[in-house]
file work13.cif (mmCIF, C-alpha atoms)
data_protein
loop_
_atom_site.group_PDB
_atom_site.id
_atom_site.type_symbol
_atom_site.label_atom_id
_atom_site.label_comp_id
_atom_site.auth_asym_id
_atom_site.auth_seq_id
_atom_site.Cartn_x
_atom_site.Cartn_y
_atom_site.Cartn_z
ATOM 1 C CA MET M 17 3.312 26.261 7.108
ATOM 2 C CA LYS M 18 0.028 24.442 6.857
ATOM 3 C CA ALA M 19 -2.595 24.200 4.198
ATOM 4 C CA ARG M 20 -6.052 22.822 4.523
ATOM 5 C CA VAL M 21 -7.829 21.533 1.438
ATOM 6 C CA HIS M 22 -11.578 21.024 1.429
ATOM 7 C CA VAL M 23 -12.866 18.610 -1.196
ATOM 8 C CA MET M 24 -16.602 18.435 -1.920
ATOM 9 C CA LEU M 25 -18.691 16.722 -4.563
ATOM 10 C CA LYS M 26 -19.793 19.358 -7.052
ATOM 11 C CA ASN M 27 -23.318 20.661 -6.900
ATOM 12 C CA GLY M 28 -25.444 18.519 -9.159
ATOM 13 C CA VAL M 29 -23.448 15.349 -8.421
ATOM 14 C CA LEU M 30 -25.636 13.148 -6.221
ATOM 15 C CA ASP M 31 -23.998 12.506 -2.851
ATOM 16 C CA PRO M 32 -25.423 9.193 -1.577
ATOM 17 C CA GLN M 33 -23.449 9.401 1.688
ATOM 18 C CA GLY M 34 -24.757 12.887 2.442
ATOM 19 C CA GLU M 35 -28.261 11.679 1.609
ATOM 20 C CA ALA M 36 -27.883 8.755 4.071
ATOM 21 C CA VAL M 37 -26.702 11.156 6.796
ATOM 22 C CA ARG M 38 -29.653 13.467 6.103
ATOM 23 C CA HIS M 39 -32.012 10.503 6.420
ATOM 24 C CA ALA M 40 -30.386 9.395 9.711
ATOM 25 C CA LEU M 41 -30.696 12.907 11.160
ATOM 26 C CA GLY M 42 -34.399 12.872 10.281
ATOM 27 C CA GLN M 43 -34.785 9.532 12.067
ATOM 28 C CA LEU M 44 -33.164 11.020 15.170
ATOM 29 C CA GLY M 45 -35.905 13.636 15.187
ATOM 30 C CA PHE M 46 -33.954 16.566 13.733
ATOM 31 C CA ASP M 47 -36.533 18.197 11.519
ATOM 32 C CA GLY M 48 -35.745 20.724 8.872
ATOM 33 C CA VAL M 49 -32.477 19.264 7.570
ATOM 34 C CA ASN M 50 -33.045 20.020 3.911
ATOM 35 C CA GLY M 51 -29.783 18.653 2.652
ATOM 36 C CA VAL M 52 -26.437 17.187 3.710
ATOM 37 C CA ARG M 53 -23.299 17.123 1.597
ATOM 38 C CA GLN M 54 -20.320 15.168 2.856
ATOM 39 C CA GLY M 55 -16.813 16.079 1.826
ATOM 40 C CA LYS M 56 -13.294 15.650 3.124
ATOM 41 C CA VAL M 57 -10.621 17.825 4.662
ATOM 42 C CA ILE M 58 -6.970 17.203 3.862
ATOM 43 C CA GLU M 59 -4.342 18.901 6.030
ATOM 44 C CA LEU M 60 -0.915 19.440 4.510
ATOM 45 C CA ASP M 61 2.224 20.263 6.457
ATOM 46 C CA LEU M 62 4.339 22.119 3.912
ATOM 47 C CA ALA M 63 7.818 23.580 3.591
ATOM 48 C CA ASP M 64 7.787 27.326 4.216
ATOM 49 C CA GLY M 65 7.359 29.280 1.024
ATOM 50 C CA THR M 66 5.163 26.716 -0.721
ATOM 51 C CA THR M 67 2.867 28.745 -2.932
ATOM 52 C CA GLU M 68 -0.885 28.478 -3.278
ATOM 53 C CA ALA M 69 -0.267 27.715 -6.947
ATOM 54 C CA THR M 70 1.657 24.585 -5.927
ATOM 55 C CA VAL M 71 -1.150 23.462 -3.612
ATOM 56 C CA LYS M 72 -3.621 24.098 -6.422
ATOM 57 C CA GLU M 73 -1.522 21.855 -8.657
ATOM 58 C CA MET M 74 -1.619 19.134 -5.965
ATOM 59 C CA CYS M 75 -5.412 19.413 -5.943
ATOM 60 C CA GLU M 76 -5.698 19.230 -9.717
ATOM 61 C CA LYS M 77 -3.293 16.301 -10.040
ATOM 62 C CA LEU M 78 -4.281 14.156 -7.089
ATOM 63 C CA LEU M 79 -6.254 15.498 -4.149
ATOM 64 C CA ALA M 80 -9.504 16.150 -6.026
ATOM 65 C CA ASN M 81 -11.097 14.519 -9.041
ATOM 66 C CA THR M 82 -12.331 17.630 -10.796
ATOM 67 C CA VAL M 83 -14.782 15.602 -12.891
ATOM 68 C CA ILE M 84 -16.986 15.241 -9.815
ATOM 69 C CA GLU M 85 -15.315 17.247 -7.040
ATOM 70 C CA SER M 86 -14.556 20.876 -6.292
ATOM 71 C CA TYR M 87 -11.944 22.035 -3.815
ATOM 72 C CA SER M 88 -10.932 25.082 -1.825
ATOM 73 C CA ILE M 89 -7.587 25.876 -0.214
ATOM 74 C CA GLU M 90 -6.869 27.613 3.118
ATOM 75 C CA LEU M 91 -3.260 28.605 3.686
ATOM 76 C CA ASN M 92 -1.894 29.680 7.058
ATOM 77 C CA MET E 13 -1.144 -11.501 -29.087
ATOM 78 C CA LYS E 14 1.105 -9.999 -26.425
ATOM 79 C CA ALA E 15 -0.660 -8.770 -23.311
ATOM 80 C CA ALA E 16 0.582 -7.127 -20.133
ATOM 81 C CA VAL E 17 -1.325 -7.008 -16.865
ATOM 82 C CA ILE E 18 -0.395 -4.215 -14.474
ATOM 83 C CA VAL E 19 -0.128 -5.194 -10.808
ATOM 84 C CA PHE E 20 -0.645 -2.571 -8.102
ATOM 85 C CA PRO E 21 -0.394 -3.180 -4.351
ATOM 86 C CA GLY E 22 -3.944 -4.344 -3.615
ATOM 87 C CA SER E 23 -4.774 -5.659 -7.088
ATOM 88 C CA ASN E 24 -6.586 -8.968 -6.656
ATOM 89 C CA CYS E 25 -7.913 -9.866 -10.112
ATOM 90 C CA ASP E 26 -4.561 -9.625 -11.871
ATOM 91 C CA ARG E 27 -4.033 -13.378 -12.112
ATOM 92 C CA ASP E 28 -7.632 -14.013 -13.171
ATOM 93 C CA LEU E 29 -7.220 -11.484 -15.972
ATOM 94 C CA ALA E 30 -3.894 -13.008 -17.004
ATOM 95 C CA VAL E 31 -5.510 -16.478 -17.156
ATOM 96 C CA ALA E 32 -8.377 -15.129 -19.297
ATOM 97 C CA PHE E 33 -5.873 -13.580 -21.731
ATOM 98 C CA GLU E 34 -3.800 -16.787 -21.783
ATOM 99 C CA ARG E 35 -6.831 -18.971 -22.433
ATOM 100 C CA ALA E 36 -7.549 -16.782 -25.452
ATOM 101 C CA GLY E 37 -4.024 -17.498 -26.656
ATOM 102 C CA ALA E 38 -2.076 -14.481 -25.467
ATOM 103 C CA ASP E 39 1.434 -14.336 -24.059
ATOM 104 C CA VAL E 40 1.044 -12.454 -20.802
ATOM 105 C CA THR E 41 3.628 -10.441 -18.887
ATOM 106 C CA MET E 42 2.850 -9.140 -15.410
ATOM 107 C CA VAL E 43 4.096 -5.591 -14.917
ATOM 108 C CA TRP E 44 4.698 -4.046 -11.490
ATOM 109 C CA HIS E 45 3.356 -0.546 -10.877
ATOM 110 C CA LYS E 46 6.833 0.825 -10.136
ATOM 111 C CA ASP E 47 8.140 -0.272 -13.521
ATOM 112 C CA THR E 48 8.457 2.668 -15.859
ATOM 113 C CA ASP E 49 8.192 0.835 -19.178
ATOM 114 C CA LEU E 50 5.690 -1.552 -20.678
ATOM 115 C CA PRO E 51 7.142 -4.558 -22.538
ATOM 116 C CA ALA E 52 8.056 -3.858 -26.162
ATOM 117 C CA GLY E 53 5.773 -5.054 -28.935
ATOM 118 C CA LEU E 54 2.736 -5.098 -26.716
ATOM 119 C CA ASP E 55 -0.769 -5.487 -28.163
ATOM 120 C CA ILE E 56 -2.889 -4.811 -25.096
ATOM 121 C CA VAL E 57 -2.571 -3.690 -21.491
ATOM 122 C CA GLY E 58 -4.957 -5.060 -18.879
ATOM 123 C CA ILE E 59 -5.648 -3.016 -15.765
ATOM 124 C CA PRO E 60 -7.128 -5.465 -13.258
ATOM 125 C CA GLY E 61 -9.702 -5.271 -10.517
ATOM 126 C CA GLY E 62 -8.924 -5.030 -6.842
ATOM 127 C CA PHE E 63 -8.336 -2.305 -4.308
ATOM 128 C CA SER E 64 -5.141 -0.618 -5.452
ATOM 129 C CA PHE E 65 -3.514 1.295 -2.595
ATOM 130 C CA GLY E 66 -6.410 0.321 -0.352
ATOM 131 C CA ASP E 67 -8.781 2.633 -2.267
ATOM 132 C CA TYR E 68 -7.212 5.461 -0.227
ATOM 133 C CA LEU E 69 -8.163 9.016 -1.239
ATOM 134 C CA ARG E 70 -10.368 7.817 -4.133
ATOM 135 C CA CYS E 71 -10.529 4.435 -5.848
ATOM 136 C CA GLY E 72 -7.769 4.307 -8.448
ATOM 137 C CA ALA E 73 -6.453 7.814 -7.732
ATOM 138 C CA ILE E 74 -3.064 6.815 -6.362
ATOM 139 C CA ALA E 75 -2.607 4.007 -8.890
ATOM 140 C CA ALA E 76 -3.324 6.490 -11.677
ATOM 141 C CA ASN E 77 -0.273 8.462 -10.588
ATOM 142 C CA SER E 78 2.077 5.481 -10.346
ATOM 143 C CA PRO E 79 5.142 5.302 -12.644
ATOM 144 C CA ILE E 80 3.702 2.636 -14.977
ATOM 145 C CA CYS E 81 0.640 4.769 -15.683
ATOM 146 C CA LYS E 82 2.768 7.336 -17.520
ATOM 147 C CA SER E 83 3.644 4.532 -19.942
ATOM 148 C CA LEU E 84 0.023 3.414 -20.031
ATOM 149 C CA ILE E 85 -1.105 6.909 -21.011
ATOM 150 C CA ALA E 86 1.606 7.097 -23.693
ATOM 151 C CA HIS E 87 0.573 3.627 -24.958
ATOM 152 C CA THR E 88 -3.069 4.688 -25.353
ATOM 153 C CA GLU E 89 -2.087 8.012 -26.919
ATOM 154 C CA ARG E 90 -0.149 6.044 -29.533
ATOM 155 C CA GLY E 91 -3.362 4.144 -30.288
ATOM 156 C CA GLY E 92 -2.521 1.077 -28.180
ATOM 157 C CA TYR E 93 -5.230 -1.159 -26.769
ATOM 158 C CA ALA E 94 -6.121 -1.265 -23.092
ATOM 159 C CA MET E 95 -8.811 -2.857 -20.992
ATOM 160 C CA GLY E 96 -9.625 -1.783 -17.436
ATOM 161 C CA ILE E 97 -11.918 -3.894 -15.320
ATOM 162 C CA CYS E 98 -13.503 -2.689 -12.062
ATOM 163 C CA ASN E 99 -10.626 -0.966 -10.209
ATOM 164 C CA GLY E 100 -8.950 -0.860 -13.631
ATOM 165 C CA PHE E 101 -11.885 1.180 -14.976
ATOM 166 C CA GLN E 102 -11.505 3.530 -11.999
ATOM 167 C CA VAL E 103 -7.798 3.889 -12.826
ATOM 168 C CA LEU E 104 -8.643 4.677 -16.474
ATOM 169 C CA THR E 105 -11.054 7.443 -15.468
ATOM 170 C CA GLU E 106 -8.609 8.822 -12.884
ATOM 171 C CA THR E 107 -5.863 9.056 -15.525
ATOM 172 C CA GLY E 108 -8.306 10.807 -17.839
ATOM 173 C CA ILE E 109 -7.857 8.110 -20.503
ATOM 174 C CA LEU E 110 -11.611 7.484 -20.293
ATOM 175 C CA PRO E 111 -14.206 10.137 -19.399
ATOM 176 C CA GLY E 112 -16.333 10.281 -16.258
ATOM 177 C CA ALA E 113 -15.821 9.087 -12.698
ATOM 178 C CA LEU E 114 -17.015 6.267 -10.456
ATOM 179 C CA ARG E 115 -18.870 7.338 -7.314
ATOM 180 C CA ARG E 116 -19.969 5.376 -4.247
ATOM 181 C CA ASN E 117 -22.865 3.021 -5.096
ATOM 182 C CA ALA E 118 -26.210 4.777 -4.673
ATOM 183 C CA ASN E 119 -27.320 2.317 -1.967
ATOM 184 C CA LEU E 120 -23.910 2.687 -0.216
ATOM 185 C CA LYS E 121 -23.429 -1.083 -0.243
ATOM 186 C CA TYR E 122 -20.658 -3.233 -1.643
ATOM 187 C CA ILE E 123 -22.408 -5.358 -4.261
ATOM 188 C CA CYS E 124 -21.108 -8.773 -5.285
ATOM 189 C CA LYS E 125 -23.404 -10.673 -7.639
ATOM 190 C CA THR E 126 -23.945 -11.664 -11.234
ATOM 191 C CA VAL E 127 -25.858 -9.038 -13.179
ATOM 192 C CA GLY E 128 -27.416 -8.776 -16.623
ATOM 193 C CA LEU E 129 -25.655 -6.566 -19.165
ATOM 194 C CA ARG E 130 -26.922 -5.381 -22.522
ATOM 195 C CA VAL E 131 -24.334 -5.080 -25.281
ATOM 196 C CA GLU E 132 -24.962 -1.560 -26.590
ATOM 197 C CA ASN E 133 -22.374 -1.566 -29.349
ATOM 198 C CA ALA E 134 -21.021 -4.803 -30.807
ATOM 199 C CA GLU E 135 -18.915 -2.955 -33.360
ATOM 200 C CA THR E 136 -15.818 -2.655 -31.189
ATOM 201 C CA PRO E 137 -12.777 -4.943 -30.910
ATOM 202 C CA PHE E 138 -13.928 -5.915 -27.420
ATOM 203 C CA THR E 139 -17.575 -6.649 -28.162
ATOM 204 C CA ALA E 140 -17.415 -8.088 -31.681
ATOM 205 C CA GLY E 141 -18.154 -11.555 -30.285
ATOM 206 C CA TYR E 142 -21.619 -10.416 -29.242
ATOM 207 C CA GLU E 143 -24.630 -8.962 -31.050
ATOM 208 C CA THR E 144 -25.773 -5.416 -30.358
ATOM 209 C CA GLY E 145 -28.705 -5.737 -27.969
ATOM 210 C CA GLN E 146 -27.592 -9.163 -26.699
ATOM 211 C CA GLU E 147 -27.968 -9.749 -22.981
ATOM 212 C CA ILE E 148 -25.141 -11.452 -21.111
ATOM 213 C CA ASN E 149 -24.514 -12.332 -17.452
ATOM 214 C CA ILE E 150 -21.317 -11.078 -15.836
ATOM 215 C CA PRO E 151 -20.423 -10.693 -12.133
ATOM 216 C CA ILE E 152 -19.895 -7.345 -10.440
ATOM 217 C CA ALA E 153 -18.028 -6.834 -7.153
ATOM 218 C CA HIS E 154 -17.667 -3.187 -6.208
ATOM 219 C CA HIS E 155 -18.495 -0.436 -3.755
ATOM 220 C CA ASP E 156 -17.781 2.465 -6.086
ATOM 221 C CA GLY E 157 -19.249 1.643 -9.469
ATOM 222 C CA ASN E 158 -21.770 4.428 -9.795
ATOM 223 C CA TYR E 159 -20.707 5.949 -13.113
ATOM 224 C CA PHE E 160 -21.009 9.692 -13.534
ATOM 225 C CA VAL E 161 -20.634 11.921 -16.562
ATOM 226 C CA THR E 162 -22.148 15.312 -17.262
ATOM 227 C CA ASP E 163 -25.297 15.417 -19.427
ATOM 228 C CA GLU E 164 -23.265 16.975 -22.190
ATOM 229 C CA LYS E 165 -20.615 14.244 -22.100
ATOM 230 C CA LEU E 166 -23.285 11.557 -21.845
ATOM 231 C CA ALA E 167 -24.924 12.822 -25.031
ATOM 232 C CA GLN E 168 -21.523 12.739 -26.713
ATOM 233 C CA LEU E 169 -20.778 9.168 -25.544
ATOM 234 C CA GLN E 170 -24.181 7.961 -26.691
ATOM 235 C CA GLY E 171 -23.930 9.834 -29.998
ATOM 236 C CA GLU E 172 -20.529 8.321 -30.718
ATOM 237 C CA GLY E 173 -21.584 4.760 -29.814
ATOM 238 C CA ARG E 174 -19.167 4.728 -26.895
ATOM 239 C CA VAL E 175 -21.446 3.085 -24.351
ATOM 240 C CA ALA E 176 -20.279 -0.528 -24.639
ATOM 241 C CA PHE E 177 -22.493 -2.111 -21.979
ATOM 242 C CA THR E 178 -25.479 -1.085 -19.864
ATOM 243 C CA TYR E 179 -27.008 -2.860 -16.868
ATOM 244 C CA THR E 180 -30.392 -4.468 -17.514
ATOM 245 C CA ASP E 181 -31.285 -3.720 -13.877
ATOM 246 C CA ASN E 182 -29.106 -0.842 -12.645
ATOM 247 C CA PRO E 183 -27.499 -2.028 -9.382
ATOM 248 C CA ASN E 184 -25.465 1.046 -8.428
ATOM 249 C CA GLY E 185 -27.115 4.231 -9.681
ATOM 250 C CA SER E 186 -24.899 4.714 -12.743
ATOM 251 C CA VAL E 187 -25.947 7.477 -15.118
ATOM 252 C CA ALA E 188 -27.961 5.984 -18.015
ATOM 253 C CA ASP E 189 -27.355 2.462 -16.599
ATOM 254 C CA ILE E 190 -23.796 2.570 -17.948
ATOM 255 C CA ALA E 191 -21.605 -0.437 -17.087
ATOM 256 C CA GLY E 192 -18.776 0.113 -19.578
ATOM 257 C CA VAL E 193 -17.497 2.782 -21.943
ATOM 258 C CA ILE E 194 -15.029 2.807 -24.785
ATOM 259 C CA SER E 195 -12.592 5.386 -26.100
ATOM 260 C CA LYS E 196 -13.284 7.365 -29.241
ATOM 261 C CA ASN E 197 -10.852 5.209 -31.256
ATOM 262 C CA ARG E 198 -12.526 2.032 -29.862
ATOM 263 C CA ARG E 199 -9.249 0.743 -28.423
ATOM 264 C CA VAL E 200 -9.679 1.380 -24.708
ATOM 265 C CA LEU E 201 -12.509 -0.249 -22.774
ATOM 266 C CA GLY E 202 -13.382 0.365 -19.143
ATOM 267 C CA MET E 203 -16.089 -1.612 -17.379
ATOM 268 C CA MET E 204 -17.117 -2.335 -13.807
ATOM 269 C CA PRO E 205 -18.314 -5.949 -14.374
ATOM 270 C CA HIS E 206 -15.714 -8.738 -14.458
ATOM 271 C CA PRO E 207 -15.668 -10.711 -17.750
ATOM 272 C CA GLU E 208 -12.581 -12.587 -16.498
ATOM 273 C CA ARG E 209 -14.779 -14.034 -13.739
ATOM 274 C CA ALA E 210 -17.145 -15.478 -16.339
ATOM 275 C CA ALA E 211 -14.531 -17.227 -18.424
ATOM 276 C CA ASP E 212 -14.658 -20.846 -17.267
ATOM 277 C CA GLU E 213 -17.460 -23.358 -16.659
ATOM 278 C CA ARG E 214 -16.275 -23.567 -13.066
ATOM 279 C CA HIS E 215 -16.934 -19.827 -12.631
ATOM 280 C CA GLY E 216 -20.624 -20.567 -13.084
ATOM 281 C CA GLY E 217 -20.773 -18.745 -16.405
ATOM 282 C CA THR E 218 -18.777 -18.246 -19.593
ATOM 283 C CA ASP E 219 -20.353 -15.126 -21.093
ATOM 284 C CA GLY E 220 -17.055 -13.257 -20.714
ATOM 285 C CA VAL E 221 -15.098 -15.614 -22.976
ATOM 286 C CA ALA E 222 -16.381 -14.004 -26.198
ATOM 287 C CA MET E 223 -14.704 -10.735 -25.194
ATOM 288 C CA PHE E 224 -11.236 -12.239 -24.924
ATOM 289 C CA ARG E 225 -11.706 -14.316 -28.088
ATOM 290 C CA ALA E 226 -12.865 -11.265 -30.048
ATOM 291 C CA LEU E 227 -9.819 -9.321 -28.872
ATOM 292 C CA MET E 228 -7.561 -12.171 -29.889
ATOM 293 C CA ASP E 229 -9.096 -12.315 -33.389
ATOM 294 C CA GLN E 230 -8.799 -8.574 -33.754
ATOM 295 C CA LEU E 231 -5.222 -8.311 -32.535
ATOM 296 C CA VAL E 232 -3.887 -11.356 -34.370
ATOM 297 C CA THR E 233 -5.225 -10.142 -37.701
ATOM 298 C CA ALA E 234 -4.292 -6.504 -37.046
#
call {"tool": "encode", "arguments": {"input": "work13.cif", "output": "structure tokens"}}
result
Amino acid sequence: MKARVHVMLKNGVLDPQGEAVRHALGQLGFDGVNGVRQGKVIELDLADGTTEATVKEMCEKLLANTVIESYSIELN
Amino acid sequence: MKAAVIVFPGSNCDRDLAVAFERAGADVTMVWHKDTDLPAGLDIVGIPGGFSFGDYLRCGAIAANSPICKSLIAHTERGGYAMGICNGFQVLTETGILPGALRRNANLKYICKTVGLRVENAETPFTAGYETGQEINIPIAHHDGNYFVTDEKLAQLQGEGRVAFTYTDNPNGSVADIAGVISKNRRVLGMMPHPERAADERHGGTDGVAMFRALMDQLVTA
């Protein structure tokens, strides 16, 4: 089974990389980009039967820093 | 004074930190990240700068979960002293020993230069060699030194005198210009600037020496 974890900086935490991307898009002539937030996607190849609770624990312990980041989990 | 310096794969200021401790009169043991125990009778643990585990995932995140860090956490919970510099500060925040997190620098650039710091609280074992309000010059060398805490936590840190150092000219976007913070019991310091790189005339500056001397005085008399 696979899990996909999305990690994003929390709202309210300034994302300088997203801001730089937004600026670059503006320079390329894409108007109307009001904001860009850059995160990361982590794909996990897991033993069958791994629970969402276990993946959540992985996120809390290592994959995300919950001081500044939020995460979401997709299992399939 | 007995000091230990933790070495992770990718640490590159471990020897500099060991030399700074030794110059202050400490016996220093280097400890590998896979070791599970810190040496007995230890006074202080140094967590050095560098790029532990290649800064993969987040700076300090993988180091914070290494075997030795369980002992480090236990050491600080017992009231032991610890000092994390640069990547070491990132490790201390990732373990939760110190509050906050270090984000990418606001200008997205790796910055390597000597900066001005203001000593915000000289009443700690680390800063007792300075005066509160004194300005000192210490090098920084980091890409992810942009300190973040919530407004609520910031108010708490400021109220408790736990901001040790601020930048006189904020280079990286840190909240409230914060360059270094200290634990509630004043025994754990984390800072992005490198005092061990300002500890010899040949470094071009010696403003970091007072920190190691103050620690020595504190720990020898303790």
call {"tool": "closest_atom_pairs", "arguments": {"input": "work13.cif", "of": "region 119-179 of chain E", "to": "region 79-88 of chain M", "cutoff": "9 Å", "atoms": "all atoms listed in the file", "output": "Markdown table"}}
result
| residue | atom | partner | partner_atom | distance |
| --- | --- | --- | --- | --- |
| E:Phe160 | CA | M:Ile84 | CA | 7.8 |
| E:Val161 | CA | M:Val83 | CA | 7.8 |
| E:Thr162 | CA | M:Val83 | CA | 8.6 |
call {"tool": "resolve_selection", "arguments": {"input": "work13.cif", "expression": "the PyMOL selection byres ((chain E) within 10 of (chain M))", "output": "count of residues only"}}
result
24
call {"tool": "resolve_selection", "arguments": {"input": "work13.cif", "expression": "the PyMOL selection byres ((chain M and resi 19) around 12)", "output": "JSON, numbers by chain"}}
result
{"M": [17, 18, 20, 21, 22, 57, 58, 59, 60, 61, 62, 63, 64, 65, 66, 67, 68, 69, 70, 71, 72, 74, 75, 88, 89, 90, 91, 92]}
call {"tool": "residues_around", "arguments": {"input": "work13.cif", "residues": "His39 (chain M)", "least_positions_apart": "4", "cutoff": "10 Å", "atoms": "only C-alpha atoms", "output": "JSON, numbers by chain"}}
result
{"M": [33, 34, 35, 43, 44, 46, 49, 50, 51, 52]}
call {"tool": "residues_around", "arguments": {"input": "work13.cif", "residues": "Asp219 (chain E)", "least_positions_apart": "2", "cutoff": "8 Å", "atoms": "only C-alpha atoms", "output": "list in words"}}
result
Ile148, Asn149, Ile150, Pro207, Ala210, Ala211, Gly217, Val221 and Ala222 of chain E
call {"tool": "atom_distance", "arguments": {"input": "work13.cif", "atom1": "CA of Gly220 (chain E)", "atom2": "CA of Gln170 (chain E)"}}
result
23.2 Å
call {"tool": "resolve_selection", "arguments": {"input": "work13.cif", "expression": "the PyMOL selection byres ((chain E and resi 83) around 12)", "output": "PyMOL selection string"}}
result
chain E and resi 18+43+45-52+54+57+76-82+84-90+92+94+107
call {"tool": "write_last_selection", "arguments": {"input": "work13.cif", "atoms": "C-alpha atoms", "output": "CSV table (one decimal), in the coordinates of the input"}}
result
chain,number,residue,atom,x,y,z
E,18,ILE,CA,-0.4,-4.2,-14.5
E,43,VAL,CA,4.1,-5.6,-14.9
E,45,HIS,CA,3.4,-0.5,-10.9
E,46,LYS,CA,6.8,0.8,-10.1
E,47,ASP,CA,8.1,-0.3,-13.5
E,48,THR,CA,8.5,2.7,-15.9
E,49,ASP,CA,8.2,0.8,-19.2
E,50,LEU,CA,5.7,-1.6,-20.7
E,51,PRO,CA,7.1,-4.6,-22.5
E,52,ALA,CA,8.1,-3.9,-26.2
E,54,LEU,CA,2.7,-5.1,-26.7
E,57,VAL,CA,-2.6,-3.7,-21.5
E,76,ALA,CA,-3.3,6.5,-11.7
E,77,ASN,CA,-0.3,8.5,-10.6
E,78,SER,CA,2.1,5.5,-10.3
E,79,PRO,CA,5.1,5.3,-12.6
E,80,ILE,CA,3.7,2.6,-15.0
E,81,CYS,CA,0.6,4.8,-15.7
E,82,LYS,CA,2.8,7.3,-17.5
E,84,LEU,CA,0.0,3.4,-20.0
E,85,ILE,CA,-1.1,6.9,-21.0
E,86,ALA,CA,1.6,7.1,-23.7
E,87,HIS,CA,0.6,3.6,-25.0
E,88,THR,CA,-3.1,4.7,-25.4
E,89,GLU,CA,-2.1,8.0,-26.9
E,90,ARG,CA,-0.1,6.0,-29.5
E,92,GLY,CA,-2.5,1.1,-28.2
E,94,ALA,CA,-6.1,-1.3,-23.1
E,107,THR,CA,-5.9,9.1,-15.5
call {"tool": "closest_residue", "arguments": {"input": "work13.cif", "among": "E:Trp44, E:Tyr179, E:Phe138, E:Tyr159", "to": "Tyr93 (chain E)", "atoms": "all atoms listed in the file"}}
result
E:Phe138
call {"tool": "residues_around", "arguments": {"input": "work13.cif", "residues": "Gly37 (chain E)", "least_positions_apart": "6", "cutoff": "10 Å", "atoms": "all atoms listed in the file", "output": "PDB file with C-alpha atoms, in the coordinates of the input"}}
result
ATOM      1  CA  MET E  13      -1.144 -11.501 -29.087  1.00  0.00           C
ATOM      2  CA  LYS E  14       1.105  -9.999 -26.425  1.00  0.00           C
ATOM      3  CA  ALA E  15      -0.660  -8.770 -23.311  1.00  0.00           C
ATOM      4  CA  VAL E  31      -5.510 -16.478 -17.156  1.00  0.00           C
ATOM      5  CA  PHE E 224     -11.236 -12.239 -24.924  1.00  0.00           C
ATOM      6  CA  ARG E 225     -11.706 -14.316 -28.088  1.00  0.00           C
ATOM      7  CA  MET E 228      -7.561 -12.171 -29.889  1.00  0.00           C
ATOM      8  CA  ASP E 229      -9.096 -12.315 -33.389  1.00  0.00           C
ATOM      9  CA  VAL E 232      -3.887 -11.356 -34.370  1.00  0.00           C
TER      10      VAL E 232
END
call {"tool": "closest_residue", "arguments": {"input": "work13.cif", "among": "E:Pro205, E:Gly171, E:Gly91, E:Gly22", "to": "Ser64 (chain E)", "atoms": "only C-alpha atoms"}}
result
E:Gly22
call {"tool": "closest_residue", "arguments": {"input": "work13.cif", "among": "E:Leu29, E:Ala226, E:Val187, E:Ile56", "to": "Lys165 (chain E)", "atoms": "only C-alpha atoms"}}
result
E:Val187
call {"tool": "residues_around", "arguments": {"input": "work13.cif", "residues": "region 127-131 of chain E", "least_positions_apart": "6", "cutoff": "8 Å", "atoms": "all atoms listed in the file", "output": "PyMOL selection string"}}
result
chain E and resi 139+142-152+176-181+191
call {"tool": "write_last_selection", "arguments": {"input": "work13.cif", "atoms": "C-alpha atoms", "output": "PDB file, keeping the file's coordinate frame"}}
result
ATOM      1  CA  THR E 139     -17.575  -6.649 -28.162  1.00  0.00           C
ATOM      2  CA  TYR E 142     -21.619 -10.416 -29.242  1.00  0.00           C
ATOM      3  CA  GLU E 143     -24.630  -8.962 -31.050  1.00  0.00           C
ATOM      4  CA  THR E 144     -25.773  -5.416 -30.358  1.00  0.00           C
ATOM      5  CA  GLY E 145     -28.705  -5.737 -27.969  1.00  0.00           C
ATOM      6  CA  GLN E 146     -27.592  -9.163 -26.699  1.00  0.00           C
ATOM      7  CA  GLU E 147     -27.968  -9.749 -22.981  1.00  0.00           C
ATOM      8  CA  ILE E 148     -25.141 -11.452 -21.111  1.00  0.00           C
ATOM      9  CA  ASN E 149     -24.514 -12.332 -17.452  1.00  0.00           C
ATOM     10  CA  ILE E 150     -21.317 -11.078 -15.836  1.00  0.00           C
ATOM     11  CA  PRO E 151     -20.423 -10.693 -12.133  1.00  0.00           C
ATOM     12  CA  ILE E 152     -19.895  -7.345 -10.440  1.00  0.00           C
ATOM     13  CA  ALA E 176     -20.279  -0.528 -24.639  1.00  0.00           C
ATOM     14  CA  PHE E 177     -22.493  -2.111 -21.979  1.00  0.00           C
ATOM     15  CA  THR E 178     -25.479  -1.085 -19.864  1.00  0.00           C
ATOM     16  CA  TYR E 179     -27.008  -2.860 -16.868  1.00  0.00           C
ATOM     17  CA  THR E 180     -30.392  -4.468 -17.514  1.00  0.00           C
ATOM     18  CA  ASP E 181     -31.285  -3.720 -13.877  1.00  0.00           C
ATOM     19  CA  ALA E 191     -21.605  -0.437 -17.087  1.00  0.00           C
TER      20      ALA E 191
END
call {"tool": "residues_around", "arguments": {"input": "work13.cif", "residues": "Met42 (chain E)", "least_positions_apart": "6", "cutoff": "8 Å", "atoms": "only C-alpha atoms", "output": "short mmCIF file (atom, residue, chain, number, x, y, z; two decimals) with C-alpha atoms, in the frame of the given file"}}
result
data_model
loop_
_atom_site.label_atom_id
_atom_site.label_comp_id
_atom_site.auth_asym_id
_atom_site.auth_seq_id
_atom_site.Cartn_x
_atom_site.Cartn_y
_atom_site.Cartn_z
CA ALA E 16 0.58 -7.13 -20.13
CA VAL E 17 -1.32 -7.01 -16.86
CA ILE E 18 -0.40 -4.22 -14.47
CA VAL E 19 -0.13 -5.19 -10.81
CA ALA E 30 -3.89 -13.01 -17.00
#
call {"tool": "atom_distance", "arguments": {"input": "work13.cif", "atom1": "CA of Leu231 (chain E)", "atom2": "CA of Glu213 (chain E)"}}
result
25.1 Å
